[in-house]
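Below: model.pdb (PDB, C-alpha atoms)
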ATOM      1  CA  MET R 983      -1.295 -12.462  17.799
ATOM      2  CA  ASN R 984      -3.211  -9.227  18.358
ATOM      3  CA  ILE R 985      -2.346  -6.070  16.456
ATOM      4  CA  ASP R 986      -3.188  -2.696  18.000
ATOM      5  CA  LEU R 987      -4.182  -0.729  14.882
ATOM      6  CA  SER R 988      -4.132   2.521  16.877
ATOM      7  CA  ASN R 989      -0.390   2.173  17.500
ATOM      8  CA  PRO R 990       1.645   1.553  14.301
ATOM      9  CA  ASP R 991       5.360   0.756  14.358
ATOM     10  CA  GLY R 992       5.950   3.271  11.570
ATOM     11  CA  GLN R 993       4.228   5.682   9.211
ATOM     12  CA  GLY R 994       4.823   7.569   5.999
ATOM     13  CA  ILE R 995       3.308   9.781   3.339
ATOM     14  CA  PHE R 996       3.284   9.002  -0.377
ATOM     15  CA  ALA R 997       2.587  11.078  -3.456
ATOM     16  CA  ILE R 998       0.864   9.308  -6.342
ATOM     17  CA  THR R 999       3.081  10.023  -9.348
ATOM     18  CA  ALA R1000       0.977   8.260 -12.017
ATOM     19  CA  ILE R1001      -2.306   6.367 -12.416
ATOM     20  CA  GLN R1002      -3.162   4.125 -15.372
ATOM     21  CA  HIS R1003      -6.313   2.148 -16.199
ATOM     22  CA  LYS R1004      -6.691  -1.000 -18.283
ATOM     23  CA  GLY R1005     -10.016  -2.820 -18.040
ATOM     24  CA  GLN R1006     -10.729  -3.729 -14.411
ATOM     25  CA  VAL R1007      -7.148  -2.950 -13.311
ATOM     26  CA  MET R1008      -5.868   0.395 -12.057
ATOM     27  CA  THR R1009      -2.101   0.783 -11.685
ATOM     28  CA  ALA R1010      -0.754   3.414  -9.294
ATOM     29  CA  HIS R1011       2.859   4.513  -8.956
ATOM     30  CA  MET R1012       3.792   6.195  -5.656
ATOM     31  CA  GLU R1013       6.830   7.486  -3.823
ATOM     32  CA  GLY R1014       7.425   8.876  -0.369
ATOM     33  CA  LYS R1015       9.289   8.708   2.909
ATOM     34  CA  VAL R1016       8.544   5.948   5.424
ATOM     35  CA  GLU R1017       9.897   5.732   8.966
ATOM     36  CA  GLY R1018      12.732   3.218   9.107
ATOM     37  CA  TYR R1019      12.795   2.710   5.344
ATOM     38  CA  GLY R1020      13.828   6.066   3.853
ATOM     39  CA  LEU R1021      12.670   6.822   0.297
ATOM     40  CA  VAL R1022      10.201   4.219  -0.982
ATOM     41  CA  ARG R1023       8.964   3.811  -4.552
ATOM     42  CA  LEU R1024       6.177   1.362  -5.344
ATOM     43  CA  THR R1025       3.819   0.170  -8.031
ATOM     44  CA  HIS R1026       0.434  -1.341  -7.142
ATOM     45  CA  ASP R1027      -2.100  -3.031  -9.421
ATOM     46  CA  TYR R1028      -5.644  -2.731  -8.063
ATOM     47  CA  GLU R1029      -7.952  -5.288  -9.663
ATOM     48  CA  HIS R1030     -11.628  -4.623  -9.058
ATOM     49  CA  ILE R1031     -13.870  -7.603  -8.420
ATOM     50  CA  SER R1032     -17.588  -7.762  -9.022
ATOM     51  CA  ASN R1033     -19.843  -8.015  -6.005
ATOM     52  CA  VAL R1034     -23.487  -8.587  -6.879
ATOM     53  CA  GLY R1035     -25.612  -5.706  -5.654
ATOM     54  CA  HIS R1036     -22.635  -3.378  -5.077
ATOM     55  CA  ASP R1037     -20.694  -0.870  -7.148
ATOM     56  CA  GLY R1038     -18.342  -2.791  -9.427
ATOM     57  CA  ARG R1039     -15.422  -0.631  -8.268
ATOM     58  CA  SER R1040     -15.948  -0.922  -4.519
ATOM     59  CA  GLY R1041     -13.038  -3.265  -3.841
ATOM     60  CA  GLY R1042     -10.789  -6.047  -4.942
ATOM     61  CA  THR R1043      -7.215  -7.277  -4.768
ATOM     62  CA  VAL R1044      -3.907  -5.427  -4.782
ATOM     63  CA  SER R1045      -0.505  -6.713  -5.846
ATOM     64  CA  GLY R1046       2.759  -4.975  -6.471
ATOM     65  CA  THR R1047       6.322  -4.336  -5.427
ATOM     66  CA  ALA R1048       8.232  -1.689  -3.517
ATOM     67  CA  GLU R1049      11.871  -0.688  -3.317
ATOM     68  CA  ALA R1050      13.376   1.452  -0.575
ATOM     69  CA  ILE R1051      16.596   3.413  -0.480
ATOM     70  CA  LEU R1052      17.413   3.314   3.210
ATOM     71  CA  ASP R1053      18.796   6.347   5.037
ATOM     72  CA  ASN R1054      22.189   4.577   5.198
ATOM     73  CA  GLY R1055      22.206   4.100   1.393
ATOM     74  CA  GLY R1056      21.269   0.411   1.391
ATOM     75  CA  VAL R1057      18.469  -0.911  -0.801
ATOM     76  CA  VAL R1058      15.673  -3.339   0.134
ATOM     77  CA  SER R1059      12.592  -4.520  -1.750
ATOM     78  CA  THR R1060       9.377  -6.406  -1.079
ATOM     79  CA  PRO R1061       6.371  -7.899  -2.863
ATOM     80  CA  HIS R1062       2.871  -6.796  -1.829
ATOM     81  CA  MET R1063      -0.339  -8.843  -1.927
ATOM     82  CA  GLY R1064      -3.635  -7.961  -0.289
ATOM     83  CA  THR R1065      -7.087  -6.441  -0.624
ATOM     84  CA  PHE R1066      -8.694  -3.015  -0.818
ATOM     85  CA  THR R1067     -12.013  -1.264  -0.467
ATOM     86  CA  ARG R1068     -12.990   1.860  -2.384
ATOM     87  CA  ASP R1069     -15.537   4.558  -1.682
ATOM     88  CA  GLY R1070     -15.456   7.117  -4.496
ATOM     89  CA  GLY R1071     -11.985   8.637  -4.583
ATOM     90  CA  LYS R1072     -10.824   7.078  -1.306
ATOM     91  CA  MET R1073      -9.340   3.615  -0.903
ATOM     92  CA  THR R1074      -8.224   1.611   2.114
ATOM     93  CA  VAL R1075      -5.621  -1.013   1.279
ATOM     94  CA  TYR R1076      -4.360  -3.862   3.483
ATOM     95  CA  PHE R1077      -1.476  -6.224   2.736
ATOM     96  CA  THR R1078       1.562  -7.911   4.170
ATOM     97  CA  ASP R1079       5.091  -7.463   2.955
ATOM     98  CA  TYR R1080       8.256  -9.497   3.385
ATOM     99  CA  VAL R1081      11.253  -7.203   2.999
ATOM    100  CA  THR R1082      14.597  -8.510   1.731
ATOM    101  CA  ASN R1083      16.213  -7.474   5.051
ATOM    102  CA  GLY R1084      13.952  -9.976   6.873
ATOM    103  CA  ASP R1085      11.274  -7.531   8.068
ATOM    104  CA  PHE R1086       7.695  -8.842   7.913
ATOM    105  CA  ASN R1087       4.952  -6.207   8.198
ATOM    106  CA  PHE R1088       1.191  -5.761   8.105
ATOM    107  CA  VAL R1089       0.532  -2.576   6.118
ATOM    108  CA  ARG R1090      -2.431  -0.195   5.759
ATOM    109  CA  PHE R1091      -2.571   2.454   3.034
ATOM    110  CA  GLU R1092      -5.223   5.179   3.063
ATOM    111  CA  VAL R1093      -5.250   6.425  -0.521
ATOM    112  CA  ASP R1094      -6.907   9.634  -1.741
ATOM    113  CA  LEU R1095      -7.118   9.442  -5.536
ATOM    114  CA  ILE R1096      -8.353  13.038  -5.840
ATOM    115  CA  SER R1097      -5.482  14.658  -3.900
ATOM    116  CA  LYS R1098      -3.059  12.024  -5.291
ATOM    117  CA  SER R1099      -1.685  11.252  -1.833
ATOM    118  CA  SER R1100      -1.547   8.323   0.535
ATOM    119  CA  ASN R1101      -0.852   7.778   4.217
ATOM    120  CA  VAL R1102       0.768   4.490   5.170
ATOM    121  CA  SER R1103       1.011   2.771   8.545
ATOM    122  CA  PHE R1104       2.758  -0.519   9.280
ATOM    123  CA  TRP R1105       3.005  -2.997  12.131
ATOM    124  CA  SER R1106       5.906  -5.412  12.510
ATOM    125  CA  LEU R1107       4.843  -9.057  12.629
ATOM    126  CA  LYS R1108       8.163 -10.302  14.039
TER     127      LYS R1108
END
Represent the supplied structure as structure tokens.
Amino acid sequence: MNIDLSNPDGQGIFAITAIQHKGQVMTAHMEGKVEGYGLVRLTHDYEHISNVGHDGRSGGTVSGTAEAILDNGGVVSTPHMGTFTRDGGKMTVYFTDYVTNGDFNFVRFEVDLISKSSNVSFWSLK
């Protein structure tokens, strides 16, 4: 399967509502509108991993959950698991999700920690 990353199946914009730090883990809470999913709220834990010879906060793993209130009033949720890279205040996050309505997506978040915003793009894997 080839994925054309220049042509997502949907996009959205999130506002970061809170950021917390505990050791090597940063937790971010976000909410925003996503095409086809309505209002989405999520929590992500970003765990930095050490990479010899590189900044200790240049990347790692991401895990979390999201819940969406669909435009028709229904509710769906999904777990998230993936990886991220970080360059200063900007992060690029990649993961897959499996939504309770049966959707299966590859997801890319472009997070700006300074402006507390994030752009999301997703590609259906079904």
For this session: Check what the PyMOL selection byres ((chain R and resi 1016) around 12) selects in the file above and give those residues as JSON, numbers by chain.
Result: {"R": [991, 992, 993, 994, 995, 996, 997, 1013, 1014, 1015, 1017, 1018, 1019, 1020, 1021, 1022, 1023, 1024, 1048, 1049, 1050, 1051, 1052, 1053, 1089, 1091, 1100, 1101, 1102, 1103, 1104]}
Can you spit out the residues from that selection as an mmCIF file, in the frame of the given file, using C-alpha atoms?
data_model
loop_
_atom_site.group_PDB
_atom_site.id
_atom_site.type_symbol
_atom_site.label_atom_id
_atom_site.label_comp_id
_atom_site.auth_asym_id
_atom_site.auth_seq_id
_atom_site.Cartn_x
_atom_site.Cartn_y
_atom_site.Cartn_z
ATOM 1 C CA ASP R 991 5.360 0.756 14.358
ATOM 2 C CA GLY R 992 5.950 3.271 11.570
ATOM 3 C CA GLN R 993 4.228 5.682 9.211
ATOM 4 C CA GLY R 994 4.823 7.569 5.999
ATOM 5 C CA ILE R 995 3.308 9.781 3.339
ATOM 6 C CA PHE R 996 3.284 9.002 -0.377
ATOM 7 C CA ALA R 997 2.587 11.078 -3.456
ATOM 8 C CA GLU R 1013 6.830 7.486 -3.823
ATOM 9 C CA GLY R 1014 7.425 8.876 -0.369
ATOM 10 C CA LYS R 1015 9.289 8.708 2.909
ATOM 11 C CA GLU R 1017 9.897 5.732 8.966
ATOM 12 C CA GLY R 1018 12.732 3.218 9.107
ATOM 13 C CA TYR R 1019 12.795 2.710 5.344
ATOM 14 C CA GLY R 1020 13.828 6.066 3.853
ATOM 15 C CA LEU R 1021 12.670 6.822 0.297
ATOM 16 C CA VAL R 1022 10.201 4.219 -0.982
ATOM 17 C CA ARG R 1023 8.964 3.811 -4.552
ATOM 18 C CA LEU R 1024 6.177 1.362 -5.344
ATOM 19 C CA ALA R 1048 8.232 -1.689 -3.517
ATOM 20 C CA GLU R 1049 11.871 -0.688 -3.317
ATOM 21 C CA ALA R 1050 13.376 1.452 -0.575
ATOM 22 C CA ILE R 1051 16.596 3.413 -0.480
ATOM 23 C CA LEU R 1052 17.413 3.314 3.210
ATOM 24 C CA ASP R 1053 18.796 6.347 5.037
ATOM 25 C CA VAL R 1089 0.532 -2.576 6.118
ATOM 26 C CA PHE R 1091 -2.571 2.454 3.034
ATOM 27 C CA SER R 1100 -1.547 8.323 0.535
ATOM 28 C CA ASN R 1101 -0.852 7.778 4.217
ATOM 29 C CA VAL R 1102 0.768 4.490 5.170
ATOM 30 C CA SER R 1103 1.011 2.771 8.545
ATOM 31 C CA PHE R 1104 2.758 -0.519 9.280
#
Exercise. Atom CA of R:Thr1067 and atom CA of R:Lys1004 are how many Å apart?
Worked result: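 Going from atom CA of R:Thr1067 over to atom CA of R:Lys1004, I get 18.6 Å.
Take the candidates R:Val1058, R:Ile998, R:Met1063, R:Met1012 and check each one against R:Val1075 using only C-alpha atoms; the shortest distance goes to R:Met1063.
The space separating atom CA of R:Leu1107 from atom CA of R:Ile985 comes to 8.7 Å.
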Problem set entry | Selection result of the PyMOL selection byres ((chain R and resi 1011) around 7) on this file, as a list in words | Ile998, Thr999, Ala1000, Ile1001, Thr1009, Ala1010, Met1012, Leu1024, Thr1025 and His1026 of chain R
Residues near R:His1062, anyone? I mean within 12 Å using only C-alpha atoms, not counting same-chain ones fewer than 3 positions away, as a compact mmCIF listing (two decimals) with C-alpha atoms, in the frame of the given file.
# COMPACT_ATOMS: atom_id res chain seq x y z
CA LEU R 1024 6.18 1.36 -5.34
CA THR R 1025 3.82 0.17 -8.03
CA HIS R 1026 0.43 -1.34 -7.14
CA ASP R 1027 -2.10 -3.03 -9.42
CA TYR R 1028 -5.64 -2.73 -8.06
CA THR R 1043 -7.22 -7.28 -4.77
CA VAL R 1044 -3.91 -5.43 -4.78
CA SER R 1045 -0.50 -6.71 -5.85
CA GLY R 1046 2.76 -4.97 -6.47
CA THR R 1047 6.32 -4.34 -5.43
CA ALA R 1048 8.23 -1.69 -3.52
CA GLU R 1049 11.87 -0.69 -3.32
CA SER R 1059 12.59 -4.52 -1.75
CA THR R 1065 -7.09 -6.44 -0.62
CA VAL R 1075 -5.62 -1.01 1.28
CA TYR R 1076 -4.36 -3.86 3.48
CA PHE R 1077 -1.48 -6.22 2.74
CA THR R 1078 1.56 -7.91 4.17
CA ASP R 1079 5.09 -7.46 2.96
CA TYR R 1080 8.26 -9.50 3.38
CA VAL R 1081 11.25 -7.20 3.00
CA PHE R 1086 7.70 -8.84 7.91
CA ASN R 1087 4.95 -6.21 8.20
CA PHE R 1088 1.19 -5.76 8.10
CA VAL R 1089 0.53 -2.58 6.12
CA ARG R 1090 -2.43 -0.20 5.76
CA PHE R 1091 -2.57 2.45 3.03
Problem set entry | Result set, the PyMOL selection byres ((chain R and resi 984) around 12) on current file, as an MDAnalysis selection string | chainID R and resid 983 985:989 1088 1105:1107
Exercise. Expressed in Å to a single decimal, how great is the separation between atom CA of R:Lys1108 and atom CA of R:Arg1068?
Worked result: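 Separation between atom CA of R:Lys1108 and atom CA of R:Arg1068: 29.4 Å.
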For this session: In the coordinate frame of the file, compute which residues have an atom within 6 Å of (-15.0, 2.9, -7.1) when using only C-alpha atoms, and state them as JSON, numbers by chain.
Result: {"R": [1039, 1040, 1068, 1069, 1070]}
